[in-house]
file my_file10.cif (mmCIF, C-alpha atoms)
data_run
loop_
_atom_site.label_atom_id
_atom_site.label_comp_id
_atom_site.auth_asym_id
_atom_site.auth_seq_id
_atom_site.Cartn_x
_atom_site.Cartn_y
_atom_site.Cartn_z
CA MET A 186 0.00 0.00 0.00
CA ASN A 187 2.87 2.38 0.80
CA GLU A 188 4.24 1.81 -2.67
CA LEU A 189 0.95 2.91 -4.21
CA HIS A 190 1.12 6.10 -2.14
CA VAL A 191 4.60 6.69 -3.55
CA ALA A 192 3.24 6.24 -7.06
CA MET A 193 0.43 8.70 -6.40
CA ALA A 194 3.04 11.23 -5.35
CA GLY A 195 4.76 10.81 -8.70
CA GLY A 196 7.26 8.06 -7.93
CA SER A 197 7.35 4.52 -9.25
CA PRO A 198 6.39 1.64 -6.99
CA LYS A 199 9.14 -0.97 -6.85
CA ALA A 200 8.12 -4.25 -8.43
CA ASN A 201 9.89 -6.29 -5.73
CA SER A 202 7.63 -4.75 -3.08
CA PHE A 203 4.72 -6.80 -4.41
CA SER A 204 4.26 -10.53 -4.02
CA PRO A 205 5.67 -12.83 -6.74
CA VAL A 206 2.13 -13.87 -7.66
CA LEU A 207 1.04 -10.26 -8.24
CA ARG A 208 4.19 -9.55 -10.25
CA PHE A 209 3.57 -12.64 -12.39
CA PHE A 210 0.00 -11.62 -13.17
CA GLY A 211 1.12 -8.03 -13.74
CA GLN A 212 3.62 -9.19 -16.35
CA LEU A 213 1.12 -11.60 -17.89
CA ILE A 214 -1.53 -8.91 -18.29
CA SER A 215 1.07 -6.50 -19.68
CA TYR A 216 2.04 -9.01 -22.36
CA LEU A 217 -1.50 -10.13 -23.20
CA PHE A 218 -2.64 -6.53 -23.61
CA HIS A 219 0.50 -5.10 -25.11
CA PRO A 220 -0.24 -1.78 -26.91
CA LEU A 221 0.63 -3.29 -30.28
CA PHE A 222 -2.11 -5.92 -29.86
CA ILE A 223 -4.96 -3.60 -28.91
CA THR A 224 -5.93 -2.47 -32.42
CA SER A 225 -6.02 -6.11 -33.52
CA TYR A 226 -8.25 -6.99 -30.57
CA VAL A 227 -10.67 -4.16 -31.31
CA VAL A 228 -10.83 -4.77 -35.06
CA GLY A 229 -11.04 -8.52 -34.44
CA PHE A 230 -14.11 -7.94 -32.28
CA LEU A 231 -15.72 -5.76 -34.95
CA VAL A 232 -14.90 -8.26 -37.72
CA PHE A 233 -15.68 -11.59 -36.08
CA PHE A 234 -18.11 -10.90 -33.23
CA HIS A 235 -20.14 -7.78 -33.92
CA PRO A 236 -23.24 -8.71 -35.92
CA ALA A 237 -23.51 -5.60 -38.08
CA VAL A 238 -20.25 -3.65 -38.58
CA PHE A 239 -18.98 -5.89 -41.40
CA ALA A 240 -22.38 -7.16 -42.47
CA GLY A 241 -22.57 -7.94 -46.18
CA ILE A 242 -18.82 -8.45 -46.55
CA ASP A 243 -17.66 -11.96 -47.37
CA ASP A 244 -15.50 -13.91 -44.93
CA ARG A 245 -12.40 -13.73 -47.11
CA MET A 246 -12.43 -9.92 -47.15
CA LYS A 247 -13.10 -9.83 -43.41
CA MET A 248 -10.04 -11.96 -42.78
CA LEU A 249 -7.93 -9.80 -45.10
CA ARG A 250 -8.95 -6.63 -43.26
CA PHE A 251 -8.11 -8.21 -39.91
CA LEU A 252 -4.78 -9.53 -41.17
CA HIS A 253 -3.90 -6.07 -42.49
CA VAL A 254 -4.37 -4.62 -39.00
CA PHE A 255 -2.44 -7.42 -37.32
CA VAL A 256 0.48 -7.27 -39.75
CA PHE A 257 0.85 -3.49 -39.98
CA ASP A 258 -0.16 -2.51 -36.44
CA ALA A 259 1.43 -5.36 -34.50
CA LEU A 260 3.77 -7.64 -36.44
CA PHE A 261 5.77 -5.08 -38.44
CA PRO A 262 6.27 -2.59 -35.55
CA ALA A 263 7.32 -5.42 -33.21
CA PHE A 264 9.76 -6.79 -35.79
CA SER A 265 11.15 -3.29 -36.33
CA VAL A 266 11.81 -2.92 -32.60
CA PHE A 267 13.51 -6.32 -32.63
CA LEU A 268 15.78 -5.18 -35.47
CA LEU A 269 16.61 -1.93 -33.68
CA TRP A 270 17.55 -3.94 -30.62
CA ARG A 271 19.71 -6.42 -32.53
CA LEU A 272 21.45 -3.60 -34.41
CA LYS A 273 22.20 -1.87 -31.07
CA PHE A 274 20.15 1.25 -31.81
CA ILE A 275 18.29 0.60 -28.56
CA GLU A 276 19.58 -1.10 -25.42
CA SER A 277 16.45 -2.99 -24.41
CA PHE A 278 13.59 -4.64 -26.27
CA HIS A 279 11.35 -3.36 -23.45
CA LEU A 280 12.02 0.33 -24.30
CA ARG A 281 12.44 1.43 -20.70
CA THR A 282 13.65 4.98 -21.39
CA GLU A 283 12.29 7.93 -23.37
CA LYS A 284 15.36 7.97 -25.64
CA GLU A 285 14.89 4.32 -26.62
CA ARG A 286 11.27 4.98 -27.59
CA ILE A 287 11.91 7.74 -30.15
CA LEU A 288 12.60 5.55 -33.20
CA PRO A 289 10.00 2.85 -32.35
CA TYR A 290 7.37 5.58 -32.00
CA ILE A 291 8.21 7.00 -35.42
CA ILE A 292 8.20 3.56 -37.05
CA ALA A 293 4.88 2.64 -35.44
CA MET A 294 3.38 5.98 -36.50
CA ILE A 295 4.26 5.22 -40.12
CA PHE A 296 2.60 1.81 -40.02
CA TYR A 297 -0.49 3.08 -38.19
CA TRP A 298 -0.83 5.97 -40.64
CA TRP A 299 -0.60 3.48 -43.50
CA THR A 300 -3.44 1.39 -42.04
CA TRP A 301 -5.69 4.43 -41.72
CA ASN A 302 -4.76 5.74 -45.17
CA VAL A 303 -5.48 2.39 -46.83
CA PHE A 304 -8.74 1.86 -44.97
CA LYS A 305 -10.16 5.30 -45.73
CA ASN A 306 -9.69 4.61 -49.44
CA LEU A 307 -11.36 1.20 -49.43
CA PRO A 308 -15.14 1.22 -50.01
CA ASP A 309 -15.79 -1.94 -48.00
CA VAL A 310 -14.23 -0.70 -44.75
CA PRO A 311 -16.93 0.63 -42.36
CA PRO A 312 -16.54 4.27 -41.21
CA VAL A 313 -16.31 3.18 -37.58
CA VAL A 314 -13.16 1.18 -38.34
CA ILE A 315 -11.66 4.12 -40.23
CA ARG A 316 -12.30 6.38 -37.25
CA PHE A 317 -10.72 3.91 -34.87
CA SER A 318 -7.64 3.59 -37.10
CA LEU A 319 -7.29 7.36 -37.24
CA GLY A 320 -7.65 7.57 -33.46
CA ALA A 321 -4.93 4.94 -32.98
CA PHE A 322 -2.59 6.95 -35.23
CA LEU A 323 -3.37 10.21 -33.43
CA ALA A 324 -2.79 8.53 -30.07
CA LEU A 325 0.67 7.48 -31.20
CA CYS A 326 1.41 11.02 -32.35
CA GLY A 327 0.30 12.38 -28.98
CA ALA A 328 2.36 9.81 -27.07
CA TRP A 329 5.41 10.62 -29.18
CA MET A 330 5.10 14.32 -28.38
CA CYS A 331 4.66 13.58 -24.67
CA ASN A 332 7.70 11.31 -24.81
CA ILE A 333 9.83 14.40 -25.50
CA TYR A 334 9.16 15.53 -21.94
CA PHE A 335 8.39 12.37 -19.95
CA LYS A 336 7.89 8.63 -20.22
CA ILE A 337 4.21 8.06 -20.93
CA SER A 338 2.49 4.70 -20.53
CA MET A 339 1.73 3.29 -23.97
CA HIS A 340 -0.39 0.58 -22.35
CA ALA A 341 -2.57 3.33 -20.86
CA VAL A 342 -2.67 5.21 -24.18
CA ALA A 343 -3.90 2.10 -26.00
CA MET A 344 -6.47 1.21 -23.35
CA GLY A 345 -7.70 4.80 -23.03
CA GLY A 346 -8.22 4.90 -26.79
CA SER A 347 -10.12 1.61 -26.74
CA LEU A 348 -12.29 2.76 -23.86
CA MET A 349 -13.25 6.00 -25.58
CA PHE A 350 -13.88 4.20 -28.87
CA PHE A 351 -16.30 1.73 -27.32
CA LEU A 352 -17.98 4.49 -25.35
CA LEU A 353 -18.61 6.55 -28.49
CA PHE A 354 -19.46 3.46 -30.51
CA SER A 355 -22.09 2.39 -27.97
CA PHE A 356 -24.05 5.61 -28.60
CA ASN A 357 -24.11 4.96 -32.35
CA ASP A 358 -24.56 1.21 -32.44
CA ASP A 359 -27.97 -0.37 -32.99
CA TYR A 360 -26.63 -3.49 -31.27
CA ALA A 361 -25.12 -1.58 -28.37
CA SER A 362 -24.46 -3.66 -25.29
CA GLY A 363 -23.17 -2.60 -21.93
CA LEU A 364 -21.29 -5.90 -21.80
CA TYR A 365 -18.45 -5.03 -24.16
CA LEU A 366 -18.13 -1.56 -22.66
CA SER A 367 -17.91 -3.10 -19.19
CA VAL A 368 -15.29 -5.58 -20.35
CA VAL A 369 -13.13 -2.83 -21.84
CA LEU A 370 -13.47 -0.78 -18.65
CA LEU A 371 -12.43 -3.78 -16.55
CA VAL A 372 -9.47 -4.58 -18.80
CA THR A 373 -8.37 -0.94 -18.73
CA GLY A 374 -8.29 -1.02 -14.94
CA LEU A 375 -6.42 -4.33 -14.89
CA VAL A 376 -3.80 -3.17 -17.39
CA CYS A 377 -3.14 0.14 -15.64
CA THR A 378 -2.88 -1.62 -12.28
CA ALA A 379 -0.52 -4.18 -13.81
CA ARG A 380 1.79 -1.41 -15.02
CA LEU A 381 1.97 -0.08 -11.45
CA ILE A 382 2.61 -3.53 -9.98
CA THR A 383 5.47 -4.19 -12.39
CA GLY A 384 7.01 -0.83 -11.50
CA ALA A 385 7.02 0.27 -15.15
CA HIS A 386 5.09 3.51 -14.57
CA ASN A 387 3.77 5.86 -11.93
CA PHE A 388 0.27 7.30 -11.63
CA PHE A 389 1.06 10.46 -13.59
CA GLN A 390 2.42 8.48 -16.55
CA ILE A 391 -0.64 6.23 -16.55
CA TYR A 392 -3.21 9.02 -16.16
CA SER A 393 -1.54 11.06 -18.90
CA GLY A 394 -1.56 7.99 -21.14
CA LEU A 395 -5.25 7.46 -20.54
CA PHE A 396 -5.92 11.13 -21.32
CA VAL A 397 -3.98 11.00 -24.61
CA GLY A 398 -5.79 7.85 -25.72
CA LEU A 399 -9.21 9.18 -24.76
CA LEU A 400 -8.59 12.51 -26.49
CA ALA A 401 -7.22 10.94 -29.67
CA GLN A 402 -10.30 8.79 -30.24
CA LEU A 403 -12.59 11.69 -29.37
CA VAL A 404 -10.89 13.84 -32.02
CA ALA A 405 -10.92 11.02 -34.58
CA TRP A 406 -14.65 10.50 -34.07
CA GLN A 407 -15.28 14.02 -35.40
CA PHE A 408 -14.04 13.04 -38.86
#
call {"tool": "encode", "arguments": {"input": "my_file10.cif", "output": "structure tokens"}}
result
Amino acid sequence: MNELHVAMAGGSPKANSFSPVLRFFGQLISYLFHPLFITSYVVGFLVFFHPAVFAGIDDRMKMLRFLHVFVFDALFPAFSVFLLWRLKFIESFHLRTEKERILPYIIAMIFYWWTWNVFKNLPDVPPVVIRFSLGAFLALCGAWMCNIYFKISMHAVAMGGSLMFFLLFSFNDDYASGLYLSVVLLVTGLVCTARLITGAHNFFQIYSGLFVGLLAQLVAWQF
């Protein structure tokens, strides 16, 4: 509990102050909901589970749209970070410092911009997916600018963006359900708590990440 008070004051709680079980689950949640996976999760839900967003589009095209998001928003950025690490441009694959995050941010921004640019020019991609892709790109831009001054939580940025997207989507969805909004809210809380337990971020870095993600999707929804 004292460590959480330290985090609220702006410091980082030490991971070794929590039990091994909590640290294990903190790391597990951090990996399962890594920022690079979030766009794939959201688009995967819209493609495979939502009854109306991709209605009228054949299964082959649905799979291609999902694979595009997974490859360009997750696989390629992750592989780029791996190459930067192996070529010694960054010291850690975990990107623990602001300096190490500069190039990965730029690379990810290029791939996320490409996804949005391709989707907005395809007639079979629903507007809601285009808005979400734009919001994900804007969130990266905002996080990159914040990174100039402090280390922002990308996990919180991604979850904040997802939370705002589902909140806005629920007001415009004929099949709106409080279930998926509740699930996203729960996962957001779990992920942010996990980042504190692992000692990766403090409260300010997490709250600012949530704000950037929320704002980015809110802006994107206006277009």
call {"tool": "residues_near_point", "arguments": {"input": "my_file10.cif", "point": "(9.9, 5.6, -24.5)", "cutoff": "12 Å", "atoms": "only C-alpha atoms", "output": "VMD selection string"}}
result
chain A and resid 266 275 to 291 325 328 to 340 385 to 386 390
call {"tool": "resolve_selection", "arguments": {"input": "my_file10.cif", "expression": "the PyMOL selection byres ((chain A and resi 303-310) around 12)", "output": "PDB file with C-alpha atoms, in the coordinates of the input"}}
result
ATOM      1  CA  VAL A 228     -10.830  -4.770 -35.060  1.00  0.00           C
ATOM      2  CA  LEU A 231     -15.720  -5.760 -34.950  1.00  0.00           C
ATOM      3  CA  VAL A 232     -14.900  -8.260 -37.720  1.00  0.00           C
ATOM      4  CA  VAL A 238     -20.250  -3.650 -38.580  1.00  0.00           C
ATOM      5  CA  PHE A 239     -18.980  -5.890 -41.400  1.00  0.00           C
ATOM      6  CA  ALA A 240     -22.380  -7.160 -42.470  1.00  0.00           C
ATOM      7  CA  GLY A 241     -22.570  -7.940 -46.180  1.00  0.00           C
ATOM      8  CA  ILE A 242     -18.820  -8.450 -46.550  1.00  0.00           C
ATOM      9  CA  ASP A 243     -17.660 -11.960 -47.370  1.00  0.00           C
ATOM     10  CA  MET A 246     -12.430  -9.920 -47.150  1.00  0.00           C
ATOM     11  CA  LYS A 247     -13.100  -9.830 -43.410  1.00  0.00           C
ATOM     12  CA  LEU A 249      -7.930  -9.800 -45.100  1.00  0.00           C
ATOM     13  CA  ARG A 250      -8.950  -6.630 -43.260  1.00  0.00           C
ATOM     14  CA  PHE A 251      -8.110  -8.210 -39.910  1.00  0.00           C
ATOM     15  CA  HIS A 253      -3.900  -6.070 -42.490  1.00  0.00           C
ATOM     16  CA  VAL A 254      -4.370  -4.620 -39.000  1.00  0.00           C
ATOM     17  CA  PHE A 257       0.850  -3.490 -39.980  1.00  0.00           C
ATOM     18  CA  PHE A 296       2.600   1.810 -40.020  1.00  0.00           C
ATOM     19  CA  TYR A 297      -0.490   3.080 -38.190  1.00  0.00           C
ATOM     20  CA  TRP A 298      -0.830   5.970 -40.640  1.00  0.00           C
ATOM     21  CA  TRP A 299      -0.600   3.480 -43.500  1.00  0.00           C
ATOM     22  CA  THR A 300      -3.440   1.390 -42.040  1.00  0.00           C
ATOM     23  CA  TRP A 301      -5.690   4.430 -41.720  1.00  0.00           C
ATOM     24  CA  ASN A 302      -4.760   5.740 -45.170  1.00  0.00           C
ATOM     25  CA  PRO A 311     -16.930   0.630 -42.360  1.00  0.00           C
ATOM     26  CA  PRO A 312     -16.540   4.270 -41.210  1.00  0.00           C
ATOM     27  CA  VAL A 313     -16.310   3.180 -37.580  1.00  0.00           C
ATOM     28  CA  VAL A 314     -13.160   1.180 -38.340  1.00  0.00           C
ATOM     29  CA  ILE A 315     -11.660   4.120 -40.230  1.00  0.00           C
ATOM     30  CA  ARG A 316     -12.300   6.380 -37.250  1.00  0.00           C
ATOM     31  CA  PHE A 317     -10.720   3.910 -34.870  1.00  0.00           C
ATOM     32  CA  SER A 318      -7.640   3.590 -37.100  1.00  0.00           C
ATOM     33  CA  LEU A 319      -7.290   7.360 -37.240  1.00  0.00           C
ATOM     34  CA  PHE A 408     -14.040  13.040 -38.860  1.00  0.00           C
TER      35      PHE A 408
END
call {"tool": "atom_distance", "arguments": {"input": "my_file10.cif", "atom1": "atom CA of A:Ala293", "atom2": "atom CA of A:Phe354"}}
result
24.8 Å
call {"tool": "resolve_selection", "arguments": {"input": "my_file10.cif", "expression": "the PyMOL selection byres ((chain A and resi 218) around 12)", "output": "VMD selection string"}}
result
chain A and resid 210 to 217 219 to 227 259 339 to 344 347 369 372 to 377 379 to 380
call {"tool": "atom_distance", "arguments": {"input": "my_file10.cif", "atom1": "atom CA of A:Ala263", "atom2": "atom CA of A:Leu399"}}
result
23.6 Å
call {"tool": "closest_residue", "arguments": {"input": "my_file10.cif", "among": "A:Leu364, A:Asp359, A:Ala405, A:Ile382", "to": "A:Pro236", "atoms": "all atoms listed in the file"}}
result
A:Asp359
call {"tool": "atom_distance", "arguments": {"input": "my_file10.cif", "atom1": "atom CA of A:Thr378", "atom2": "atom CA of A:Phe233"}}
result
28.8 Å
call {"tool": "closest_residue", "arguments": {"input": "my_file10.cif", "among": "A:Trp406, A:Phe230, A:Leu381, A:Val397", "to": "A:Ser202", "atoms": "only C-alpha atoms"}}
result
A:Leu381
